[in-house]
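With CSV, C-alpha atoms inside, this is upload.csv:
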```
chain,number,residue,atom,x,y,z
A,29,MET,CA,12.4,-12.4,-11.4
A,30,ILE,CA,10.5,-9.1,-11.0
A,31,SER,CA,12.3,-5.9,-12.0
A,32,GLY,CA,11.8,-2.2,-11.3
A,33,LYS,CA,10.5,-1.9,-14.9
A,34,ASP,CA,7.8,-4.5,-14.1
A,35,CYS,CA,6.8,-2.6,-11.0
A,36,PHE,CA,6.7,0.7,-12.8
A,37,GLU,CA,4.5,-0.8,-15.6
A,38,LYS,CA,2.0,-2.1,-13.0
A,39,TYR,CA,2.2,0.5,-10.2
A,40,GLY,CA,3.7,3.6,-11.8
A,41,PHE,CA,6.0,5.7,-9.7
A,42,GLY,CA,4.7,8.2,-7.3
A,43,TYR,CA,8.0,9.3,-5.8
A,44,ASP,CA,9.6,12.2,-7.6
A,45,ILE,CA,12.9,12.9,-5.7
A,46,GLU,CA,12.8,16.5,-6.7
A,47,SER,CA,9.2,17.2,-6.0
A,48,THR,CA,7.6,18.8,-3.0
A,49,ASP,CA,4.1,18.0,-4.4
A,50,LEU,CA,2.8,15.1,-2.4
A,51,ASN,CA,-0.2,14.5,-4.7
A,52,GLU,CA,1.4,11.8,-6.8
A,53,GLN,CA,2.8,10.0,-3.8
A,54,LEU,CA,-0.6,10.0,-2.1
A,55,GLN,CA,-2.3,8.7,-5.2
A,56,PHE,CA,0.2,5.8,-5.4
A,57,GLU,CA,-0.2,5.0,-1.7
A,58,ARG,CA,-4.0,5.1,-1.7
A,59,LYS,CA,-4.2,2.9,-4.7
A,60,TYR,CA,-1.6,0.3,-4.0
A,61,MET,CA,-0.5,0.4,-0.4
A,62,THR,CA,-2.1,-0.8,2.9
A,63,LEU,CA,-1.4,-0.9,6.5
A,64,TYR,CA,-1.7,-4.7,6.8
A,65,ASP,CA,-2.9,-5.6,10.3
A,66,ILE,CA,-1.4,-9.1,10.9
A,67,PRO,CA,-4.1,-11.4,12.4
A,68,THR,CA,-3.7,-11.5,16.2
A,69,ALA,CA,-3.2,-15.3,16.2
A,70,MET,CA,-0.1,-14.8,14.0
A,71,GLU,CA,1.5,-12.2,16.2
A,72,ILE,CA,4.1,-14.6,17.4
A,73,GLY,CA,7.8,-13.9,18.1
A,74,ALA,CA,9.2,-11.3,15.8
A,75,ILE,CA,6.2,-11.3,13.5
A,76,PRO,CA,5.1,-7.6,13.4
A,77,LYS,CA,1.6,-6.5,14.4
A,78,ARG,CA,1.3,-4.3,11.3
A,79,VAL,CA,3.2,-4.0,8.0
A,80,TYR,CA,2.9,-1.1,5.6
A,81,CYS,CA,3.1,-2.8,2.3
A,82,ASN,CA,1.8,-3.2,-1.2
A,83,LYS,CA,-1.7,-4.8,-1.3
A,84,ASP,CA,-0.3,-7.5,-3.6
A,85,LEU,CA,2.1,-8.5,-0.8
A,86,VAL,CA,-0.5,-9.2,1.9
A,87,LYS,CA,-1.5,-12.8,0.9
A,88,PRO,CA,2.0,-14.0,0.2
A,89,LEU,CA,3.4,-12.5,3.4
A,90,TYR,CA,0.5,-14.0,5.4
A,91,ASP,CA,1.3,-17.4,3.8
A,92,ALA,CA,5.1,-17.1,4.6
A,93,PHE,CA,4.4,-16.2,8.2
A,94,LYS,CA,1.9,-19.1,8.5
A,95,ASN,CA,4.5,-21.4,7.0
A,96,LEU,CA,7.0,-20.4,9.6
A,97,ILE,CA,4.5,-21.0,12.4
A,98,GLU,CA,3.2,-24.4,11.0
A,99,ARG,CA,6.7,-25.7,10.4
A,100,ASN,CA,7.9,-24.7,13.8
A,101,LEU,CA,10.5,-22.3,12.5
A,102,ILE,CA,9.2,-19.1,14.1
A,103,ASP,CA,12.1,-19.0,16.5
A,104,GLU,CA,14.4,-18.5,13.5
A,105,LEU,CA,12.7,-15.1,12.7
A,106,LYS,CA,14.8,-12.9,14.9
A,107,THR,CA,13.9,-9.5,13.4
A,108,TYR,CA,11.4,-8.1,10.9
A,109,ASP,CA,13.4,-5.3,9.2
A,110,GLY,CA,10.9,-3.5,6.9
A,111,CYS,CA,9.1,-3.5,3.6
A,112,PHE,CA,8.2,-0.1,2.1
A,113,ASN,CA,11.2,2.1,1.5
A,114,PRO,CA,11.4,4.1,-1.7
A,115,ARG,CA,15.1,4.1,-2.6
A,116,PRO,CA,17.6,2.9,-5.1
A,117,ILE,CA,19.1,-0.6,-4.7
A,118,ARG,CA,21.8,-0.5,-2.1
A,119,GLY,CA,25.1,0.4,-3.6
A,120,TYR,CA,23.6,2.1,-6.7
A,121,TYR,CA,22.8,5.5,-5.3
A,122,THR,CA,25.4,7.3,-7.4
A,123,ARG,CA,24.3,5.6,-10.6
A,124,PHE,CA,20.7,6.3,-9.8
A,125,ASN,CA,21.4,10.0,-9.2
A,126,GLU,CA,23.4,10.2,-12.4
A,127,ALA,CA,20.5,8.6,-14.3
A,128,ILE,CA,18.1,11.2,-12.8
A,129,LYS,CA,20.4,14.0,-13.7
A,130,ASN,CA,20.7,12.8,-17.3
A,131,ASN,CA,17.0,12.3,-17.5
A,132,ASP,CA,17.5,8.5,-18.2
A,133,ILE,CA,14.3,7.4,-16.5
A,134,ASP,CA,14.5,3.8,-17.8
A,135,GLU,CA,17.9,3.4,-16.1
A,136,ALA,CA,16.7,5.1,-12.9
A,137,ILE,CA,13.7,2.8,-12.7
A,138,ARG,CA,16.0,-0.2,-13.2
A,139,LEU,CA,18.1,0.9,-10.3
A,140,LEU,CA,15.2,1.2,-7.8
A,141,SER,CA,14.8,-1.3,-5.0
A,142,LEU,CA,11.6,-3.3,-5.1
A,143,HIS,CA,11.0,-1.9,-1.6
A,144,THR,CA,10.1,1.3,-3.5
A,145,TRP,CA,6.8,-0.4,-4.4
A,146,GLY,CA,6.4,-2.3,-1.1
A,147,ILE,CA,6.7,-5.8,-2.6
A,148,ALA,CA,9.8,-6.8,-0.7
A,149,VAL,CA,10.6,-7.5,2.9
A,150,ASP,CA,13.8,-7.9,4.9
A,151,VAL,CA,14.3,-10.2,7.9
A,152,ASN,CA,17.2,-11.0,10.2
A,153,SER,CA,19.2,-8.3,8.6
A,154,ALA,CA,22.0,-8.2,11.3
A,155,TRP,CA,22.9,-11.8,10.3
A,156,ASN,CA,22.3,-11.6,6.6
A,157,ARG,CA,24.1,-8.4,5.4
A,158,LEU,CA,24.3,-7.5,1.7
A,159,GLY,CA,27.2,-9.3,0.0
A,160,LYS,CA,27.7,-11.7,2.9
A,161,THR,CA,27.0,-15.4,3.0
A,162,PRO,CA,23.4,-15.8,4.2
A,163,THR,CA,22.7,-17.6,7.5
A,164,LEU,CA,19.0,-18.4,7.1
A,165,THR,CA,18.3,-22.1,7.1
A,166,GLU,CA,17.0,-23.8,3.9
A,167,ASP,CA,13.7,-24.7,5.7
A,168,PHE,CA,13.2,-21.0,6.8
A,169,VAL,CA,13.8,-19.8,3.2
A,170,GLN,CA,11.5,-22.5,1.8
A,171,CYS,CA,8.6,-21.0,3.9
A,172,PHE,CA,8.9,-17.8,1.8
A,173,LEU,CA,9.6,-19.6,-1.5
A,174,ASP,CA,6.5,-21.7,-1.0
A,175,ALA,CA,4.5,-18.5,-0.4
A,176,GLY,CA,5.5,-16.9,-3.7
A,177,PHE,CA,8.8,-15.1,-3.0
A,178,ASP,CA,12.2,-15.0,-4.5
A,179,TRP,CA,15.1,-14.9,-2.1
A,180,GLY,CA,18.1,-12.5,-2.2
A,181,GLY,CA,20.4,-15.3,-1.0
A,182,ASN,CA,20.0,-16.7,-4.6
A,183,PHE,CA,21.1,-13.4,-6.2
A,184,LYS,CA,24.5,-13.0,-7.8
A,185,ARG,CA,25.3,-10.4,-5.0
A,186,PHE,CA,23.9,-12.2,-1.9
A,187,ASP,CA,21.2,-10.3,0.0
A,188,GLY,CA,20.2,-13.0,2.5
A,189,MET,CA,17.8,-10.7,4.4
A,190,HIS,CA,15.7,-9.9,1.3
A,191,PHE,CA,12.6,-11.6,0.0
A,192,GLN,CA,10.6,-10.2,-2.8
A,193,LEU,CA,7.5,-11.3,-4.7
A,194,ALA,CA,8.4,-13.8,-7.4
A,195,LYS,CA,5.7,-12.4,-9.7
A,196,ILE,CA,3.3,-9.5,-9.7
A,197,ILE,CA,-0.3,-10.7,-9.6
```
Starting from the file, lay out its structure as structure tokens.
Amino acid sequence: MISGKDCFEKYGFGYDIESTDLNEQLQFERKYMTLYDIPTAMEIGAIPKRVYCNKDLVKPLYDAFKNLIERNLIDELKTYDGCFNPRPIRGYYTRFNEAIKNNDIDEAIRLLSLHTWGIAVDVNSAWNRLGKTPTLTEDFVQCFLDAGFDWGGNFKRFDGMHFQLAKII
């Protein structure tokens, strides 16, 4: 499973919480991020028209959405709830801030959500809250697993809404 350390090694980290200088953020976004325009033929149900994500997520996300359509599971996608969101893993904000305060960059990076690098997506969040038993069907989840994702419903602390790349290309 991919970690924040893996992402940092590949993508770096352009988001300095304390900084007002946007130069690093812009360099990161120009190099790794894209506004992915979902093909019109795939704009079905809750599939968004555009997704701001890491360029490495485009093909797997396309494949996952295509799987949902081809397997007649698109009606199970109730909401698309986001991708890129630079932040610590939910529930770890205090530990993250302490690591930053103590200049423990390795720990801070470990505590960052993979949404920070735009390689994770959340779906059907209202029905699949963090720590709760996931409600997504096995077939729905398989659409994402077959496309190269890991699923948060398999994490020690359930996160049934969450899908993240299984490996960085």
Find the residues around range 172-181 of chain A up to 7 Å (only C-alpha atoms counted), leave out those fewer than 6 positions away in its own chain, and share them as a ChimeraX atom specification. /A:88,91-92,162,187-194
Counting all atoms listed in the file, figure out which residue out of A:Lys195, A:Arg123, A:Lys83, A:Lys33 gets nearest to Tyr64 in chain A.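 The closest residue to Tyr64 in chain A is A:Lys83.
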Determine, for each residue of range 50-163 of chain A having at least one atom at most 10 Å from an atom of range 34-43 of chain A, the closest pair of atoms and their separation in Å to one decimal, counting all atoms listed in the file; order by chain and ascending number, as a tab-separated table.
```
residue	atom	partner	partner_atom	distance
A:Leu50	CA	A:Tyr43	CA	8.5
A:Asn51	CA	A:Gly42	CA	8.4
A:Glu52	CA	A:Gly42	CA	4.9
A:Gln53	CA	A:Gly42	CA	4.4
A:Leu54	CA	A:Gly42	CA	7.6
A:Gln55	CA	A:Gly42	CA	7.3
A:Phe56	CA	A:Gly42	CA	5.4
A:Glu57	CA	A:Gly42	CA	8.1
A:Lys59	CA	A:Tyr39	CA	8.8
A:Tyr60	CA	A:Tyr39	CA	7.3
A:Asn82	CA	A:Tyr39	CA	9.7
A:Pro114	CA	A:Tyr43	CA	7.4
A:Arg115	CA	A:Tyr43	CA	9.4
A:Asp134	CA	A:Phe36	CA	9.8
A:Ile137	CA	A:Phe36	CA	7.3
A:Arg138	CA	A:Asp34	CA	9.3
A:Leu140	CA	A:Cys35	CA	9.8
A:Leu142	CA	A:Cys35	CA	7.6
A:Thr144	CA	A:Tyr43	CA	8.6
A:Trp145	CA	A:Cys35	CA	7.0
A:Gly146	CA	A:Cys35	CA	9.9
A:Ile147	CA	A:Cys35	CA	9.0
```
Using all atoms listed in the file, which residue out of A:Tyr80, A:Tyr108, A:Phe183, A:Tyr121 lies closest to Asn152 in chain A?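 Looking only at the distances to Asn152 in chain A, the closest residue turns out to be A:Tyr108.
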Determine, counting only C-alpha atoms, which protein, DNA and RNA residues have an atom within 6 Å of an atom of Cys111 in chain A; residues of the same chain fewer than 6 positions away are not included. Present the result as a compact mmCIF listing (two decimals) with C-alpha atoms, keeping the file's coordinate frame.
```
# COMPACT_ATOMS: atom_id res chain seq x y z
CA HIS A 143 11.00 -1.90 -1.60
CA GLY A 146 6.40 -2.30 -1.10
CA ALA A 148 9.80 -6.80 -0.70
CA VAL A 149 10.60 -7.50 2.90
```
Choose the residue, out of A:Gly110, A:Arg99, A:Arg157, A:Asn130, that has the smallest atom-to-atom separation from Arg78 in chain A; count all atoms listed in the file.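 Closest residue, counting all atoms listed in the file: A:Gly110.
A straight line drawn from CA of Ile117 in chain A to CA of Ser153 in chain A is 15.4 Å long.
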Students should find that CA of Asn182 in chain A and CA of Ile102 in chain A are spaced 21.7 Å
I'd like to know which of A:Asn100, A:Tyr90, A:Cys81, A:Thr163 is closest to Thr68 in chain A, using all atoms listed in the file. A:Tyr90
CA of Gly159 in chain A to CA of Cys171 in chain A: how many Å, to one decimal?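 According to the coordinates, CA of Gly159 in chain A and CA of Cys171 in chain A are separated by 22.3 Å.
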